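See below for input.cif, which holds mmCIF, C-alpha atoms, pLDDT in the B column; chains and numbers go by the auth columns.
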data_entry
#
loop_
_atom_site.group_PDB
_atom_site.id
_atom_site.type_symbol
_atom_site.label_atom_id
_atom_site.label_comp_id
_atom_site.label_asym_id
_atom_site.label_seq_id
_atom_site.Cartn_x
_atom_site.Cartn_y
_atom_site.Cartn_z
_atom_site.B_iso_or_equiv
_atom_site.auth_seq_id
_atom_site.auth_asym_id
ATOM 1 C CA MET A 1 18.929 -6.195 -0.979 60.00 291 U
ATOM 2 C CA ASN A 2 19.471 -9.872 -0.391 57.00 292 U
ATOM 3 C CA LYS A 3 18.466 -11.674 -3.604 61.00 293 U
ATOM 4 C CA GLN A 4 17.141 -14.618 -1.598 86.00 294 U
ATOM 5 C CA LEU A 5 14.505 -12.542 0.170 88.00 295 U
ATOM 6 C CA LYS A 6 10.915 -12.795 -1.001 94.00 296 U
ATOM 7 C CA ALA A 7 8.250 -10.103 -0.717 94.00 297 U
ATOM 8 C CA ARG A 8 6.706 -12.023 2.200 95.00 298 U
ATOM 9 C CA ASP A 9 10.055 -11.832 4.048 94.00 299 U
ATOM 10 C CA ILE A 10 10.168 -8.039 4.127 93.00 300 U
ATOM 11 C CA MET A 11 6.458 -7.120 4.322 95.00 301 U
ATOM 12 C CA THR A 12 4.436 -6.103 7.335 94.00 302 U
ATOM 13 C CA GLY A 13 1.735 -8.705 7.870 94.00 303 U
ATOM 14 C CA GLY A 14 -1.660 -8.429 9.493 89.00 304 U
ATOM 15 C CA VAL A 15 -2.889 -5.710 7.154 93.00 305 U
ATOM 16 C CA GLN A 16 -6.546 -4.797 7.571 94.00 306 U
ATOM 17 C CA CYS A 17 -8.820 -3.607 4.774 94.00 307 U
ATOM 18 C CA VAL A 18 -11.474 -0.965 4.838 96.00 308 U
ATOM 19 C CA GLY A 19 -14.576 -2.202 3.062 96.00 309 U
ATOM 20 C CA ALA A 20 -15.526 -0.494 -0.172 95.00 310 U
ATOM 21 C CA HIS A 21 -18.924 0.343 1.357 96.00 311 U
ATOM 22 C CA GLN A 22 -17.497 1.781 4.575 97.00 312 U
ATOM 23 C CA SER A 23 -17.278 5.541 4.871 97.00 313 U
ATOM 24 C CA LEU A 24 -14.154 7.658 4.704 97.00 314 U
ATOM 25 C CA PHE A 25 -14.931 8.608 8.296 97.00 315 U
ATOM 26 C CA GLU A 26 -14.714 4.929 9.274 97.00 316 U
ATOM 27 C CA ALA A 27 -11.510 4.593 7.231 97.00 317 U
ATOM 28 C CA SER A 28 -9.983 7.529 9.094 97.00 318 U
ATOM 29 C CA GLN A 29 -10.913 5.964 12.439 97.00 319 U
ATOM 30 C CA MET A 30 -9.302 2.683 11.364 97.00 320 U
ATOM 31 C CA MET A 31 -6.136 4.534 10.361 96.00 321 U
ATOM 32 C CA ARG A 32 -6.049 6.255 13.730 96.00 322 U
ATOM 33 C CA ASP A 33 -6.639 3.035 15.665 96.00 323 U
ATOM 34 C CA LEU A 34 -4.090 1.059 13.631 94.00 324 U
ATOM 35 C CA ASN A 35 -1.595 3.950 13.576 93.00 325 U
ATOM 36 C CA VAL A 36 -1.234 3.795 9.782 93.00 326 U
ATOM 37 C CA GLY A 37 -1.552 6.326 7.003 92.00 327 U
ATOM 38 C CA CYS A 38 -2.873 3.966 4.349 93.00 328 U
ATOM 39 C CA LEU A 39 -5.428 1.173 4.097 95.00 329 U
ATOM 40 C CA PRO A 40 -6.232 -1.258 1.320 96.00 330 U
ATOM 41 C CA ILE A 41 -9.819 -1.035 0.081 96.00 331 U
ATOM 42 C CA CYS A 42 -11.471 -4.428 -0.310 93.00 332 U
ATOM 43 C CA GLY A 43 -14.620 -5.240 -2.245 88.00 333 U
ATOM 44 C CA ASP A 44 -17.438 -7.571 -1.296 84.00 334 U
ATOM 45 C CA ASP A 45 -15.333 -10.531 -2.465 83.00 335 U
ATOM 46 C CA ASN A 46 -12.627 -9.502 0.057 78.00 336 U
ATOM 47 C CA ARG A 47 -10.198 -8.750 -2.774 88.00 337 U
ATOM 48 C CA ILE A 48 -8.232 -5.529 -2.925 92.00 338 U
ATOM 49 C CA THR A 49 -9.695 -2.847 -5.194 92.00 339 U
ATOM 50 C CA GLY A 50 -7.506 0.086 -4.238 93.00 340 U
ATOM 51 C CA LEU A 51 -5.618 1.945 -1.544 95.00 341 U
ATOM 52 C CA ILE A 52 -6.694 4.965 0.440 95.00 342 U
ATOM 53 C CA THR A 53 -4.362 7.287 2.300 93.00 343 U
ATOM 54 C CA ASP A 54 -4.980 9.831 5.001 94.00 344 U
ATOM 55 C CA ARG A 55 -3.978 12.454 2.455 92.00 345 U
ATOM 56 C CA ASP A 56 -6.638 11.189 0.020 92.00 346 U
ATOM 57 C CA ILE A 57 -9.297 11.717 2.676 94.00 347 U
ATOM 58 C CA VAL A 58 -8.116 15.241 3.431 95.00 348 U
ATOM 59 C CA VAL A 59 -7.526 16.410 -0.147 93.00 349 U
ATOM 60 C CA LYS A 60 -10.320 14.616 -2.008 91.00 350 U
ATOM 61 C CA CYS A 61 -12.997 14.939 0.646 93.00 351 U
ATOM 62 C CA CYS A 62 -12.459 17.308 3.586 93.00 352 U
ATOM 63 C CA ALA A 63 -10.762 20.060 1.574 94.00 353 U
ATOM 64 C CA GLU A 64 -13.700 19.966 -0.840 94.00 354 U
ATOM 65 C CA GLY A 65 -16.144 20.526 2.023 94.00 355 U
ATOM 66 C CA VAL A 66 -17.604 17.018 1.799 94.00 356 U
ATOM 67 C CA ASP A 67 -18.597 15.143 4.955 95.00 357 U
ATOM 68 C CA PRO A 68 -16.370 12.023 5.112 95.00 358 U
ATOM 69 C CA ALA A 69 -19.225 10.117 6.768 96.00 359 U
ATOM 70 C CA THR A 70 -21.188 10.393 3.505 96.00 360 U
ATOM 71 C CA VAL A 71 -18.531 9.084 1.106 95.00 361 U
ATOM 72 C CA GLN A 72 -17.845 5.386 0.591 95.00 362 U
ATOM 73 C CA ALA A 73 -14.191 4.342 0.551 95.00 363 U
ATOM 74 C CA GLY A 74 -14.785 2.441 -2.683 93.00 364 U
ATOM 75 C CA THR A 75 -15.320 5.688 -4.560 92.00 365 U
ATOM 76 C CA LEU A 76 -11.562 6.219 -4.263 86.00 366 U
ATOM 77 C CA SER A 77 -10.717 2.755 -5.591 82.00 367 U
ATOM 78 C CA GLY A 78 -8.690 2.561 -8.746 82.00 368 U
ATOM 79 C CA HIS A 79 -5.801 0.718 -10.277 89.00 369 U
ATOM 80 C CA VAL A 80 -3.586 -0.756 -7.604 93.00 370 U
ATOM 81 C CA HIS A 81 -0.089 -2.121 -8.057 95.00 371 U
ATOM 82 C CA TRP A 82 0.656 -5.231 -5.999 96.00 372 U
ATOM 83 C CA ILE A 83 3.180 -8.032 -5.805 97.00 373 U
ATOM 84 C CA ASP A 84 2.987 -11.773 -5.296 97.00 374 U
ATOM 85 C CA ALA A 85 4.162 -12.833 -1.840 96.00 375 U
ATOM 86 C CA ASP A 86 6.612 -15.268 -3.449 96.00 376 U
ATOM 87 C CA ALA A 87 8.188 -12.707 -5.785 95.00 377 U
ATOM 88 C CA ASP A 88 11.761 -11.626 -5.165 91.00 378 U
ATOM 89 C CA ALA A 89 12.089 -8.644 -2.838 88.00 379 U
ATOM 90 C CA GLY A 90 14.092 -6.897 -5.543 86.00 380 U
ATOM 91 C CA GLU A 91 11.035 -7.049 -7.784 91.00 381 U
ATOM 92 C CA ALA A 92 9.057 -5.249 -5.085 90.00 382 U
ATOM 93 C CA LEU A 93 11.670 -2.495 -4.993 88.00 383 U
ATOM 94 C CA GLU A 94 11.641 -2.230 -8.781 89.00 384 U
ATOM 95 C CA THR A 95 7.824 -2.051 -8.869 93.00 385 U
ATOM 96 C CA MET A 96 7.768 0.702 -6.265 91.00 386 U
ATOM 97 C CA GLU A 97 10.437 2.685 -8.102 88.00 387 U
ATOM 98 C CA THR A 98 8.894 2.248 -11.542 90.00 388 U
ATOM 99 C CA HIS A 99 5.432 3.324 -10.424 91.00 389 U
ATOM 100 C CA GLN A 100 6.703 5.878 -7.867 88.00 390 U
ATOM 101 C CA ILE A 101 4.716 4.368 -5.015 90.00 391 U
ATOM 102 C CA LYS A 102 5.531 4.206 -1.320 90.00 392 U
ATOM 103 C CA ARG A 103 3.282 1.290 -0.357 94.00 393 U
ATOM 104 C CA LEU A 104 2.874 -2.031 -2.127 96.00 394 U
ATOM 105 C CA PRO A 105 0.228 -4.618 -1.193 96.00 395 U
ATOM 106 C CA VAL A 106 1.453 -8.211 -1.032 97.00 396 U
ATOM 107 C CA ILE A 107 -0.923 -10.874 -2.375 96.00 397 U
ATOM 108 C CA ASP A 108 -0.561 -14.614 -1.779 95.00 398 U
ATOM 109 C CA VAL A 109 -1.496 -15.767 -5.262 94.00 399 U
ATOM 110 C CA ALA A 110 -0.961 -19.469 -4.480 93.00 400 U
ATOM 111 C CA GLY A 111 -2.998 -19.109 -1.288 88.00 401 U
ATOM 112 C CA GLY A 112 -6.221 -17.971 -2.909 88.00 402 U
ATOM 113 C CA HIS A 113 -5.166 -14.502 -4.031 90.00 403 U
ATOM 114 C CA GLN A 114 -5.483 -13.129 -0.490 90.00 404 U
ATOM 115 C CA LEU A 115 -3.949 -9.914 0.813 93.00 405 U
ATOM 116 C CA VAL A 116 -1.255 -10.947 3.310 94.00 406 U
ATOM 117 C CA GLY A 117 0.765 -7.805 3.896 95.00 407 U
ATOM 118 C CA MET A 118 2.115 -4.463 2.790 96.00 408 U
ATOM 119 C CA ILE A 119 5.616 -3.358 1.855 95.00 409 U
ATOM 120 C CA THR A 120 6.339 0.212 2.897 91.00 410 U
ATOM 121 C CA GLU A 121 9.313 2.517 2.855 87.00 411 U
ATOM 122 C CA ALA A 122 10.097 1.400 6.412 87.00 412 U
ATOM 123 C CA ASN A 123 10.284 -2.217 5.253 90.00 413 U
ATOM 124 C CA LEU A 124 12.641 -1.232 2.461 87.00 414 U
ATOM 125 C CA ALA A 125 14.818 0.796 4.815 85.00 415 U
ATOM 126 C CA LYS A 126 15.311 -2.278 7.010 88.00 416 U
ATOM 127 C CA ASN A 127 16.410 -4.387 4.048 82.00 417 U
ATOM 128 C CA LEU A 128 18.243 -2.026 1.673 77.00 418 U
ATOM 129 C CA SER A 129 21.818 -0.859 1.545 76.00 419 U
ATOM 130 C CA ASP A 130 22.479 2.876 1.855 78.00 420 U
ATOM 131 C CA GLU A 131 23.043 3.023 -1.906 81.00 421 U
ATOM 132 C CA GLN A 132 19.723 1.322 -2.617 78.00 422 U
ATOM 133 C CA ILE A 133 17.897 3.693 -0.256 76.00 423 U
ATOM 134 C CA ALA A 134 19.418 6.685 -2.050 79.00 424 U
ATOM 135 C CA GLU A 135 18.430 5.256 -5.436 80.00 425 U
ATOM 136 C CA PHE A 136 14.878 4.556 -4.245 77.00 426 U
ATOM 137 C CA ALA A 137 14.522 8.087 -2.865 77.00 427 U
ATOM 138 C CA SER A 138 15.830 9.672 -6.057 79.00 428 U
ATOM 139 C CA ARG A 139 13.527 7.612 -8.281 77.00 429 U
ATOM 140 C CA VAL A 140 10.373 7.962 -6.159 78.00 430 U
ATOM 141 C CA TYR A 141 10.679 11.448 -4.698 75.00 431 U
ATOM 142 C CA ALA A 142 12.687 13.421 -7.229 70.00 432 U
ATOM 143 C CA ALA A 143 10.264 12.693 -10.046 54.00 433 U
ATOM 144 C CA ALA A 144 7.295 13.519 -7.822 52.00 434 U
ATOM 145 C CA GLY A 145 8.528 17.048 -7.195 50.00 435 U
#

Written as structure tokens, that's how I'd like the structure from this file.
Amino acid sequence: MNKQLKARDIMTGGVQCVGAHQSLFEASQMMRDLNVGCLPICGDDNRITGLITDRDIVVKCCAEGVDPATVQAGTLSGHVHWIDADADAGEALETMETHQIKRLPVIDVAGGHQLVGMITEANLAKNLSDEQIAEFASRVYAAAG
């Protein structure tokens, strides 16, 4: 990865949050409409409180026989790893590897601590060498299995 790149250079911008008080049903509709498998969860202060994936909705709600229209997205909030938009892109890669995560929210700390984007595996693939991709896959997927 180019050492000069910042997190903001490799992220996907225009990320939309699901509100903590919105239902998992609404979150699933947003995912469908945005063609994504993950959404940040934002609290009343518009700050990120967690991430929710399509898999979370299926495993933690639907598979348990719970109606997703009755569960607030915020109930799945928890610790979320993120990176400053001005951090080196290599730091983003290291954070994702260390915590074995496939999506990393990007926060503009200097700009009011606002969510400005998301770094995903696709973003990494566009910016990593073949060797770095192999290392990422071995560190994130091998340990998960």

Set the distance at 12 Å and use only C-alpha atoms: which residues neighbour segment 364-368 of chain U once local chain neighbours fewer than 3 positions away are removed? I'd like the list as number ranges by chain. U: 307-314, 317, 329-334, 337-347, 349-351, 358, 360-361, 371

Give me the residues near Gly380 of chain U as a short mmCIF file (atom, residue, chain, number, x, y, z; two decimals) with C-alpha atoms, keeping the file's coordinate frame, where near means some atom within 12 Å (using only C-alpha atoms) and where sequence neighbours in that chain fewer than 6 positions away do not count.
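What ended up in result.cif:
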data_model
loop_
_atom_site.label_atom_id
_atom_site.label_comp_id
_atom_site.auth_asym_id
_atom_site.auth_seq_id
_atom_site.Cartn_x
_atom_site.Cartn_y
_atom_site.Cartn_z
CA MET U 291 18.93 -6.20 -0.98
CA ASN U 292 19.47 -9.87 -0.39
CA LYS U 293 18.47 -11.67 -3.60
CA GLN U 294 17.14 -14.62 -1.60
CA LEU U 295 14.50 -12.54 0.17
CA LYS U 296 10.92 -12.80 -1.00
CA ALA U 297 8.25 -10.10 -0.72
CA ARG U 298 6.71 -12.02 2.20
CA ASP U 299 10.06 -11.83 4.05
CA ILE U 300 10.17 -8.04 4.13
CA ILE U 373 3.18 -8.03 -5.80
CA MET U 386 7.77 0.70 -6.26
CA GLU U 387 10.44 2.68 -8.10
CA ILE U 409 5.62 -3.36 1.86
CA LEU U 414 12.64 -1.23 2.46
CA ASN U 417 16.41 -4.39 4.05
CA LEU U 418 18.24 -2.03 1.67
CA GLN U 422 19.72 1.32 -2.62
CA PHE U 426 14.88 4.56 -4.24
#

Which residues fall under the PyMOL selection byres ((chain U and resi 374-376) around 10) in this file, as a VMD selection string? chain U and resid 295 to 301 372 to 373 377 to 379 381 to 382 395 to 401 403 to 408

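In this structure, atom CA of Gln319 of chain U sits 20.2 Å away from atom CA of Thr302 of chain U.
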